[in-house]
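As stored in final_5.txt (compact mmCIF, N, CA and C atoms):
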# COMPACT_ATOMS: atom_id res chain seq x y z
N MET M 1 65.37 -41.70 -38.79
CA MET M 1 64.89 -41.03 -39.98
C MET M 1 63.50 -40.47 -39.73
N THR M 2 63.25 -39.27 -40.20
CA THR M 2 61.98 -38.61 -39.98
C THR M 2 60.89 -39.25 -40.83
N SER M 3 59.74 -39.39 -40.23
CA SER M 3 58.63 -40.03 -40.92
C SER M 3 57.89 -39.07 -41.84
N ASP M 4 57.13 -39.63 -42.77
CA ASP M 4 56.28 -38.83 -43.65
C ASP M 4 55.25 -38.05 -42.83
N ARG M 5 54.81 -38.65 -41.73
CA ARG M 5 53.81 -37.98 -40.87
C ARG M 5 54.39 -36.70 -40.25
N VAL M 6 55.65 -36.74 -39.85
CA VAL M 6 56.29 -35.55 -39.28
C VAL M 6 56.33 -34.45 -40.34
N ILE M 7 56.74 -34.79 -41.55
CA ILE M 7 56.80 -33.81 -42.65
C ILE M 7 55.40 -33.26 -42.92
N GLU M 8 54.42 -34.13 -42.98
CA GLU M 8 53.03 -33.71 -43.23
C GLU M 8 52.56 -32.73 -42.16
N LEU M 9 52.83 -33.03 -40.90
CA LEU M 9 52.39 -32.15 -39.82
C LEU M 9 53.16 -30.83 -39.81
N LEU M 10 54.44 -30.87 -40.13
CA LEU M 10 55.22 -29.63 -40.24
C LEU M 10 54.66 -28.75 -41.36
N ARG M 11 54.33 -29.34 -42.48
CA ARG M 11 53.77 -28.58 -43.60
C ARG M 11 52.40 -28.01 -43.24
N LYS M 12 51.59 -28.77 -42.53
CA LYS M 12 50.29 -28.27 -42.08
C LYS M 12 50.49 -27.10 -41.12
N ALA M 13 51.39 -27.27 -40.17
CA ALA M 13 51.65 -26.21 -39.18
C ALA M 13 52.15 -24.94 -39.87
N TYR M 14 53.02 -25.10 -40.85
CA TYR M 14 53.53 -23.95 -41.59
C TYR M 14 52.38 -23.19 -42.26
N GLY M 15 51.53 -23.92 -42.98
CA GLY M 15 50.39 -23.29 -43.64
C GLY M 15 49.45 -22.63 -42.66
N ASP M 16 49.20 -23.29 -41.54
CA ASP M 16 48.31 -22.72 -40.53
C ASP M 16 48.89 -21.44 -39.95
N GLU M 17 50.18 -21.42 -39.70
CA GLU M 17 50.81 -20.22 -39.14
C GLU M 17 50.72 -19.06 -40.14
N MET M 18 50.95 -19.34 -41.41
CA MET M 18 50.87 -18.29 -42.42
C MET M 18 49.44 -17.78 -42.57
N GLU M 19 48.47 -18.68 -42.52
CA GLU M 19 47.07 -18.26 -42.60
C GLU M 19 46.70 -17.42 -41.37
N THR M 20 47.21 -17.81 -40.22
CA THR M 20 46.95 -17.05 -39.00
C THR M 20 47.50 -15.64 -39.11
N VAL M 21 48.70 -15.51 -39.64
CA VAL M 21 49.29 -14.18 -39.83
C VAL M 21 48.36 -13.32 -40.69
N MET M 22 47.90 -13.88 -41.80
CA MET M 22 47.02 -13.13 -42.70
C MET M 22 45.73 -12.71 -41.99
N ASN M 23 45.12 -13.64 -41.27
CA ASN M 23 43.85 -13.33 -40.61
C ASN M 23 44.01 -12.39 -39.43
N TYR M 24 45.08 -12.54 -38.66
CA TYR M 24 45.33 -11.60 -37.56
C TYR M 24 45.54 -10.19 -38.12
N GLN M 25 46.32 -10.09 -39.19
CA GLN M 25 46.58 -8.78 -39.79
C GLN M 25 45.28 -8.15 -40.27
N THR M 26 44.48 -8.92 -41.00
CA THR M 26 43.23 -8.39 -41.52
C THR M 26 42.29 -7.96 -40.40
N ASN M 27 42.15 -8.78 -39.38
CA ASN M 27 41.27 -8.42 -38.27
C ASN M 27 41.80 -7.21 -37.52
N ALA M 28 43.11 -7.10 -37.37
CA ALA M 28 43.68 -5.93 -36.68
C ALA M 28 43.41 -4.65 -37.46
N ILE M 29 43.28 -4.77 -38.77
CA ILE M 29 42.98 -3.61 -39.60
C ILE M 29 41.50 -3.27 -39.56
N VAL M 30 40.62 -4.26 -39.66
CA VAL M 30 39.19 -3.97 -39.87
C VAL M 30 38.40 -3.74 -38.59
N LEU M 31 38.88 -4.22 -37.44
CA LEU M 31 38.10 -4.02 -36.21
C LEU M 31 38.00 -2.53 -35.88
N ASP M 32 36.82 -2.14 -35.41
CA ASP M 32 36.56 -0.75 -35.03
C ASP M 32 36.06 -0.69 -33.60
N GLY M 33 36.24 0.47 -33.01
CA GLY M 33 35.67 0.74 -31.70
C GLY M 33 36.72 0.77 -30.61
N VAL M 34 36.36 1.47 -29.55
CA VAL M 34 37.25 1.62 -28.40
C VAL M 34 37.57 0.26 -27.79
N ARG M 35 36.59 -0.60 -27.70
CA ARG M 35 36.80 -1.91 -27.09
C ARG M 35 37.67 -2.82 -27.95
N ALA M 36 37.81 -2.49 -29.20
CA ALA M 36 38.62 -3.31 -30.10
C ALA M 36 40.11 -3.03 -29.98
N GLU M 37 40.49 -1.92 -29.42
CA GLU M 37 41.90 -1.50 -29.42
C GLU M 37 42.82 -2.51 -28.76
N GLU M 38 42.44 -3.04 -27.61
CA GLU M 38 43.30 -4.01 -26.92
C GLU M 38 43.46 -5.29 -27.74
N ILE M 39 42.38 -5.72 -28.37
CA ILE M 39 42.42 -6.92 -29.19
C ILE M 39 43.30 -6.68 -30.41
N LYS M 40 43.14 -5.54 -31.06
CA LYS M 40 43.96 -5.20 -32.23
C LYS M 40 45.44 -5.17 -31.86
N GLU M 41 45.75 -4.59 -30.73
CA GLU M 41 47.14 -4.51 -30.27
C GLU M 41 47.71 -5.91 -30.02
N SER M 42 46.92 -6.76 -29.38
CA SER M 42 47.37 -8.12 -29.12
C SER M 42 47.58 -8.89 -30.42
N LEU M 43 46.66 -8.73 -31.37
CA LEU M 43 46.81 -9.40 -32.66
C LEU M 43 48.08 -8.93 -33.37
N GLN M 44 48.34 -7.63 -33.34
CA GLN M 44 49.55 -7.09 -33.98
C GLN M 44 50.81 -7.68 -33.37
N GLN M 45 50.83 -7.83 -32.05
CA GLN M 45 51.99 -8.42 -31.40
C GLN M 45 52.13 -9.90 -31.78
N ASP M 46 51.02 -10.60 -31.83
CA ASP M 46 51.04 -12.03 -32.13
C ASP M 46 51.44 -12.31 -33.58
N ILE M 47 51.20 -11.37 -34.48
CA ILE M 47 51.57 -11.56 -35.89
C ILE M 47 53.05 -11.87 -36.00
N GLN M 48 53.87 -11.11 -35.33
CA GLN M 48 55.32 -11.31 -35.42
C GLN M 48 55.72 -12.68 -34.84
N GLU M 49 55.07 -13.06 -33.75
CA GLU M 49 55.39 -14.36 -33.16
C GLU M 49 54.97 -15.50 -34.08
N GLU M 50 53.78 -15.40 -34.66
CA GLU M 50 53.29 -16.45 -35.56
C GLU M 50 54.15 -16.53 -36.82
N LEU M 51 54.58 -15.39 -37.33
CA LEU M 51 55.47 -15.37 -38.49
C LEU M 51 56.81 -16.03 -38.14
N GLY M 52 57.28 -15.78 -36.93
CA GLY M 52 58.50 -16.45 -36.47
C GLY M 52 58.33 -17.95 -36.37
N HIS M 53 57.14 -18.39 -35.93
CA HIS M 53 56.86 -19.82 -35.89
C HIS M 53 56.97 -20.41 -37.29
N ALA M 54 56.34 -19.75 -38.26
CA ALA M 54 56.36 -20.25 -39.64
C ALA M 54 57.80 -20.33 -40.15
N GLU M 55 58.59 -19.32 -39.86
CA GLU M 55 59.97 -19.33 -40.32
C GLU M 55 60.75 -20.50 -39.71
N ARG M 56 60.57 -20.73 -38.44
CA ARG M 56 61.27 -21.83 -37.77
C ARG M 56 60.83 -23.19 -38.32
N ILE M 57 59.53 -23.32 -38.56
CA ILE M 57 59.01 -24.57 -39.14
C ILE M 57 59.56 -24.76 -40.54
N GLY M 58 59.58 -23.69 -41.33
CA GLY M 58 60.12 -23.77 -42.68
C GLY M 58 61.59 -24.17 -42.67
N GLN M 59 62.35 -23.62 -41.74
CA GLN M 59 63.76 -23.99 -41.63
C GLN M 59 63.92 -25.45 -41.25
N ARG M 60 63.05 -25.93 -40.35
CA ARG M 60 63.12 -27.34 -39.97
C ARG M 60 62.80 -28.24 -41.15
N LEU M 61 61.79 -27.87 -41.93
CA LEU M 61 61.47 -28.64 -43.13
C LEU M 61 62.67 -28.70 -44.07
N LYS M 62 63.33 -27.58 -44.25
CA LYS M 62 64.52 -27.53 -45.10
C LYS M 62 65.60 -28.47 -44.57
N GLN M 63 65.80 -28.47 -43.26
CA GLN M 63 66.80 -29.36 -42.65
C GLN M 63 66.45 -30.83 -42.89
N LEU M 64 65.16 -31.10 -43.02
CA LEU M 64 64.70 -32.47 -43.24
C LEU M 64 64.59 -32.80 -44.72
N ASP M 65 65.16 -31.93 -45.57
CA ASP M 65 65.16 -32.12 -47.01
C ASP M 65 63.74 -32.10 -47.58
N ALA M 66 62.91 -31.27 -46.98
CA ALA M 66 61.54 -31.05 -47.46
C ALA M 66 61.40 -29.54 -47.64
N ARG M 67 60.23 -29.12 -48.03
CA ARG M 67 60.05 -27.68 -48.17
C ARG M 67 58.67 -27.28 -47.67
N PRO M 68 58.56 -26.04 -47.21
CA PRO M 68 57.24 -25.57 -46.77
C PRO M 68 56.33 -25.38 -47.99
N PRO M 69 55.04 -25.47 -47.77
CA PRO M 69 54.11 -25.28 -48.89
C PRO M 69 54.11 -23.82 -49.35
N ALA M 70 53.97 -23.63 -50.63
CA ALA M 70 53.83 -22.29 -51.21
C ALA M 70 52.35 -22.00 -51.44
N SER M 71 52.06 -20.82 -51.95
CA SER M 71 50.67 -20.38 -52.06
C SER M 71 49.82 -21.30 -52.94
N SER M 72 50.39 -21.90 -53.97
CA SER M 72 49.58 -22.77 -54.83
C SER M 72 49.19 -24.08 -54.14
N GLU M 73 49.87 -24.39 -53.04
CA GLU M 73 49.56 -25.61 -52.29
C GLU M 73 48.72 -25.32 -51.05
N PHE M 74 48.36 -24.08 -50.89
CA PHE M 74 47.69 -23.63 -49.67
C PHE M 74 46.18 -23.81 -49.75
N THR M 75 45.60 -24.32 -48.68
CA THR M 75 44.15 -24.42 -48.55
C THR M 75 43.75 -23.70 -47.27
N ALA M 76 42.97 -22.64 -47.41
CA ALA M 76 42.51 -21.89 -46.25
C ALA M 76 41.51 -22.73 -45.46
N ARG M 77 41.64 -22.70 -44.12
CA ARG M 77 40.77 -23.52 -43.28
C ARG M 77 40.19 -22.75 -42.09
N GLN M 78 40.64 -21.52 -41.87
CA GLN M 78 40.24 -20.80 -40.66
C GLN M 78 38.96 -19.98 -40.89
N ASP M 79 37.88 -20.69 -41.12
CA ASP M 79 36.61 -20.02 -41.39
C ASP M 79 36.17 -19.11 -40.26
N SER M 80 36.34 -19.54 -39.03
CA SER M 80 35.85 -18.74 -37.90
C SER M 80 36.71 -17.52 -37.62
N LEU M 81 37.88 -17.41 -38.26
CA LEU M 81 38.77 -16.27 -38.04
C LEU M 81 38.64 -15.23 -39.15
N GLN M 82 37.68 -15.42 -40.03
CA GLN M 82 37.47 -14.42 -41.08
C GLN M 82 36.92 -13.14 -40.45
N PRO M 83 37.25 -11.99 -41.02
CA PRO M 83 36.77 -10.73 -40.45
C PRO M 83 35.24 -10.69 -40.42
N PRO M 84 34.68 -10.19 -39.33
CA PRO M 84 33.21 -10.15 -39.22
C PRO M 84 32.61 -9.08 -40.13
N GLU M 85 31.37 -9.30 -40.53
CA GLU M 85 30.64 -8.30 -41.31
C GLU M 85 30.52 -6.99 -40.53
N ASP M 86 30.24 -7.13 -39.23
CA ASP M 86 30.15 -5.97 -38.34
C ASP M 86 31.54 -5.73 -37.75
N SER M 87 32.18 -4.65 -38.13
CA SER M 87 33.57 -4.40 -37.72
C SER M 87 33.71 -4.13 -36.22
N THR M 88 32.60 -4.04 -35.51
CA THR M 88 32.66 -3.88 -34.04
C THR M 88 32.41 -5.20 -33.31
N ASP M 89 32.26 -6.29 -34.06
CA ASP M 89 31.99 -7.60 -33.46
C ASP M 89 33.31 -8.23 -33.00
N VAL M 90 33.84 -7.67 -31.93
CA VAL M 90 35.13 -8.11 -31.40
C VAL M 90 35.05 -9.54 -30.87
N LEU M 91 33.93 -9.91 -30.28
CA LEU M 91 33.78 -11.24 -29.70
C LEU M 91 33.94 -12.33 -30.77
N SER M 92 33.43 -12.11 -31.97
CA SER M 92 33.58 -13.14 -33.01
C SER M 92 35.06 -13.31 -33.39
N VAL M 93 35.82 -12.23 -33.36
CA VAL M 93 37.26 -12.33 -33.65
C VAL M 93 37.96 -13.09 -32.53
N ILE M 94 37.61 -12.77 -31.31
CA ILE M 94 38.20 -13.47 -30.16
C ILE M 94 37.93 -14.97 -30.27
N ARG M 95 36.71 -15.32 -30.60
CA ARG M 95 36.37 -16.75 -30.73
C ARG M 95 37.08 -17.39 -31.91
N GLY M 96 37.28 -16.64 -32.98
CA GLY M 96 38.05 -17.15 -34.11
C GLY M 96 39.50 -17.41 -33.74
N VAL M 97 40.07 -16.50 -32.95
CA VAL M 97 41.44 -16.70 -32.47
C VAL M 97 41.50 -17.95 -31.60
N LEU M 98 40.54 -18.13 -30.73
CA LEU M 98 40.51 -19.32 -29.86
C LEU M 98 40.46 -20.60 -30.69
N ASP M 99 39.64 -20.59 -31.76
CA ASP M 99 39.57 -21.76 -32.64
C ASP M 99 40.91 -22.03 -33.31
N ALA M 100 41.55 -20.98 -33.82
CA ALA M 100 42.84 -21.14 -34.50
C ALA M 100 43.91 -21.64 -33.53
N GLU M 101 43.92 -21.10 -32.33
CA GLU M 101 44.91 -21.52 -31.34
C GLU M 101 44.66 -22.96 -30.90
N LYS M 102 43.39 -23.32 -30.77
CA LYS M 102 43.07 -24.71 -30.40
C LYS M 102 43.56 -25.67 -31.47
N ASP M 103 43.36 -25.31 -32.74
CA ASP M 103 43.83 -26.14 -33.83
C ASP M 103 45.36 -26.25 -33.81
N ALA M 104 46.03 -25.14 -33.57
CA ALA M 104 47.50 -25.15 -33.51
C ALA M 104 47.98 -26.04 -32.35
N ILE M 105 47.33 -25.93 -31.22
CA ILE M 105 47.69 -26.76 -30.06
C ILE M 105 47.56 -28.24 -30.41
N GLU M 106 46.46 -28.60 -31.05
CA GLU M 106 46.26 -30.00 -31.45
C GLU M 106 47.32 -30.46 -32.43
N THR M 107 47.64 -29.60 -33.40
CA THR M 107 48.67 -29.95 -34.39
C THR M 107 50.02 -30.16 -33.72
N TYR M 108 50.40 -29.26 -32.83
CA TYR M 108 51.71 -29.39 -32.18
C TYR M 108 51.76 -30.60 -31.25
N ARG M 109 50.65 -30.94 -30.63
CA ARG M 109 50.63 -32.16 -29.81
C ARG M 109 50.80 -33.40 -30.69
N GLU M 110 50.13 -33.41 -31.84
CA GLU M 110 50.29 -34.52 -32.78
C GLU M 110 51.73 -34.59 -33.28
N LEU M 111 52.31 -33.43 -33.55
CA LEU M 111 53.68 -33.38 -34.04
C LEU M 111 54.67 -33.88 -32.99
N ILE M 112 54.44 -33.55 -31.75
CA ILE M 112 55.29 -34.05 -30.66
C ILE M 112 55.27 -35.57 -30.66
N ASP M 113 54.07 -36.14 -30.71
CA ASP M 113 53.95 -37.61 -30.70
C ASP M 113 54.61 -38.23 -31.93
N ALA M 114 54.37 -37.64 -33.11
CA ALA M 114 54.93 -38.20 -34.34
C ALA M 114 56.46 -38.09 -34.34
N ALA M 115 56.99 -36.97 -33.85
CA ALA M 115 58.44 -36.79 -33.81
C ALA M 115 59.08 -37.74 -32.81
N GLU M 116 58.41 -37.95 -31.69
CA GLU M 116 58.93 -38.90 -30.70
C GLU M 116 58.97 -40.31 -31.30
N GLU M 117 57.89 -40.68 -31.97
CA GLU M 117 57.82 -42.00 -32.59
C GLU M 117 58.88 -42.17 -33.68
N ALA M 118 59.19 -41.07 -34.40
CA ALA M 118 60.18 -41.10 -35.48
C ALA M 118 61.61 -40.91 -34.98
N ASP M 119 61.77 -40.79 -33.68
CA ASP M 119 63.08 -40.54 -33.07
C ASP M 119 63.72 -39.29 -33.68
N ASP M 120 62.95 -38.20 -33.66
CA ASP M 120 63.37 -36.90 -34.20
C ASP M 120 63.29 -35.87 -33.08
N PRO M 121 64.30 -35.85 -32.20
CA PRO M 121 64.24 -34.96 -31.03
C PRO M 121 64.26 -33.47 -31.37
N LEU M 122 64.85 -33.08 -32.48
CA LEU M 122 64.88 -31.67 -32.83
C LEU M 122 63.49 -31.15 -33.19
N THR M 123 62.77 -31.92 -33.98
CA THR M 123 61.40 -31.53 -34.32
C THR M 123 60.52 -31.59 -33.07
N GLU M 124 60.74 -32.59 -32.24
CA GLU M 124 59.97 -32.70 -31.00
C GLU M 124 60.19 -31.47 -30.13
N ASP M 125 61.45 -31.06 -29.97
CA ASP M 125 61.75 -29.87 -29.16
C ASP M 125 61.11 -28.62 -29.74
N LEU M 126 61.18 -28.46 -31.06
CA LEU M 126 60.55 -27.32 -31.71
C LEU M 126 59.05 -27.31 -31.45
N ALA M 127 58.41 -28.46 -31.60
CA ALA M 127 56.96 -28.55 -31.40
C ALA M 127 56.58 -28.25 -29.96
N VAL M 128 57.40 -28.69 -29.00
CA VAL M 128 57.12 -28.41 -27.59
C VAL M 128 57.18 -26.91 -27.33
N GLU M 129 58.19 -26.26 -27.89
CA GLU M 129 58.32 -24.81 -27.70
C GLU M 129 57.16 -24.05 -28.33
N LEU M 130 56.80 -24.41 -29.55
CA LEU M 130 55.70 -23.73 -30.22
C LEU M 130 54.37 -24.01 -29.53
N LEU M 131 54.21 -25.21 -29.01
CA LEU M 131 53.01 -25.55 -28.25
C LEU M 131 52.86 -24.60 -27.06
N GLY M 132 53.95 -24.35 -26.36
CA GLY M 132 53.90 -23.43 -25.22
C GLY M 132 53.45 -22.04 -25.63
N ASP M 133 53.95 -21.55 -26.75
CA ASP M 133 53.54 -20.24 -27.25
C ASP M 133 52.05 -20.22 -27.58
N GLU M 134 51.58 -21.25 -28.25
CA GLU M 134 50.17 -21.29 -28.65
C GLU M 134 49.25 -21.41 -27.42
N GLU M 135 49.67 -22.17 -26.43
CA GLU M 135 48.87 -22.27 -25.21
C GLU M 135 48.80 -20.93 -24.50
N ALA M 136 49.89 -20.16 -24.52
CA ALA M 136 49.89 -18.83 -23.91
C ALA M 136 48.92 -17.90 -24.66
N HIS M 137 48.93 -17.95 -26.00
CA HIS M 137 47.99 -17.14 -26.77
C HIS M 137 46.55 -17.54 -26.45
N HIS M 138 46.31 -18.83 -26.38
CA HIS M 138 44.96 -19.33 -26.10
C HIS M 138 44.49 -18.83 -24.74
N THR M 139 45.36 -18.89 -23.75
CA THR M 139 45.01 -18.42 -22.41
C THR M 139 44.68 -16.93 -22.42
N GLU M 140 45.49 -16.15 -23.13
CA GLU M 140 45.25 -14.70 -23.21
C GLU M 140 43.88 -14.41 -23.82
N PHE M 141 43.55 -15.08 -24.92
CA PHE M 141 42.28 -14.80 -25.58
C PHE M 141 41.09 -15.43 -24.85
N ARG M 142 41.33 -16.48 -24.09
CA ARG M 142 40.26 -17.00 -23.23
C ARG M 142 39.90 -15.95 -22.19
N GLY M 143 40.89 -15.25 -21.67
CA GLY M 143 40.64 -14.15 -20.74
C GLY M 143 39.85 -13.03 -21.38
N PHE M 144 40.21 -12.68 -22.62
CA PHE M 144 39.45 -11.65 -23.35
C PHE M 144 37.99 -12.09 -23.52
N GLU M 145 37.81 -13.38 -23.85
CA GLU M 145 36.44 -13.88 -24.06
C GLU M 145 35.63 -13.78 -22.77
N LYS M 146 36.22 -14.16 -21.65
CA LYS M 146 35.52 -14.07 -20.36
C LYS M 146 35.10 -12.64 -20.09
N GLU M 147 35.98 -11.71 -20.33
CA GLU M 147 35.70 -10.30 -20.09
C GLU M 147 34.56 -9.82 -20.98
N TYR M 148 34.57 -10.18 -22.25
CA TYR M 148 33.52 -9.75 -23.17
C TYR M 148 32.19 -10.40 -22.86
N ARG M 149 32.20 -11.66 -22.46
CA ARG M 149 30.94 -12.33 -22.09
C ARG M 149 30.35 -11.70 -20.85
N ARG M 150 31.19 -11.29 -19.92
CA ARG M 150 30.72 -10.67 -18.67
C ARG M 150 30.01 -9.35 -18.97
N ASP M 151 30.55 -8.63 -19.94
CA ASP M 151 29.96 -7.33 -20.29
C ASP M 151 28.71 -7.54 -21.10
The structure given in the file should be rewritten as structure tokens.
Amino acid sequence: MTSDRVIELLRKAYGDEMETVMNYQTNAIVLDGVRAEEIKESLQQDIQEELGHAERIGQRLKQLDARPPASSEFTARQDSLQPPEDSTDVLSVIRGVLDAEKDAIETYRELIDAAEEADDPLTEDLAVELLGDEEAHHTEFRGFEKEYRRD
């Protein structure tokens, strides 16, 4: 039987993925400048993947006789991913993405452990797959950060 901790972490992950979609979309819209184009393009591509993550998590919650949180239950937490005052401050967006991806990685690692402890291999497998996606995003944006720091 799935534990309350697994449900709690799935609900957190769902909310985080939805918040990430909103912040990636907003940043992809507001960033300006030639140097921002590659970042905007990457964010646009990642939006679809993050939305897919949320859908899969929501479906898993449904299978576990739980439900994903709706907007009235949502608490925004991604302060560092808010659009910068200076629309050409691409580095602050990159760092915000790194923070969000790091949080997602931590959540999915916790979920893997909780699902293993609860003998819930389906949730564990889902968390492992999503962890891989988030680590790939983190690696991509770490590369962007190195490039921007060098310049």
Sel. of helix (DSSP H, G or I) residues, chain M, as a ChimeraX atom specification: /M:4-30,34-63,71-73,79-81,90-117,121-150
Determine, for each residue of stretch 1-46 of chain M having at least one atom at most 8 Å from an atom of stretch 87-105 of chain M, the closest pair of atoms and their separation in Å to one decimal, counting all atoms listed in the file; order by chain and ascending number, as CSV.
residue,atom,partner,partner_atom,distance
M:Ala13,CA,M:Ala104,CA,7.1
M:Asp16,CA,M:Ala104,CA,7.5
M:Glu17,N,M:Ala104,CA,7.7
M:Thr20,CA,M:Ala100,CA,7.3
M:Asn27,CA,M:Val93,CA,7.3
M:Val30,C,M:Ser87,CA,5.0
M:Leu31,CA,M:Ser87,C,4.4
M:Asp32,N,M:Ser87,C,3.8
M:Gly33,N,M:Thr88,CA,5.7
M:Val34,N,M:Thr88,CA,7.9
M:Arg35,C,M:Val90,CA,6.8
M:Ala36,CA,M:Val90,CA,6.1
M:Ile39,CA,M:Val90,CA,7.7
Per residue of stretch 30-148 of chain M within 6.5 Å of stretch 2-5 of chain M, which atom pair is closest and at what distance in Å (one decimal), using only N, CA and C atoms, listed by chain and increasing number, as JSON lines?
{"residue": "M:Ala114", "atom": "CA", "partner": "M:Arg5", "partner_atom": "C", "distance": 6.1}
{"residue": "M:Ala118", "atom": "CA", "partner": "M:Ser3", "partner_atom": "N", "distance": 5.1}
{"residue": "M:Asp120", "atom": "CA", "partner": "M:Thr2", "partner_atom": "CA", "distance": 6.2}
Closest of M:Met18, M:Leu9, M:Val128, M:Leu122 to M:His53 - atom-to-atom distances counting all atoms listed in the file: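 Closest candidate: M:Met18.
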Test item: residues at most 12 Å from M:Val6, only C-alpha atoms, excluding those fewer than 3 positions along its chain, as a ChimeraX atom specification: /M:1-3,9-13,57,60-61,64,66,107-124,126-127
One-decimal distance in Å that lies between atom CA of M:Ala136 and atom CA of M:Leu51: 16.0 Å
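Nearest to M:Gly58 of all the residues M:Ser71, M:Leu81, M:Tyr14, M:Thr26 is M:Tyr14, counting all atoms listed in the file.
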Separation of atom CA of M:Asp46 from atom C of M:Lys62, in Å and rounded to one decimal: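 A separation of 25.2 Å between them.
The space separating atom N of M:Ser80 from atom N of M:Gly15 comes to 16.3 Å.
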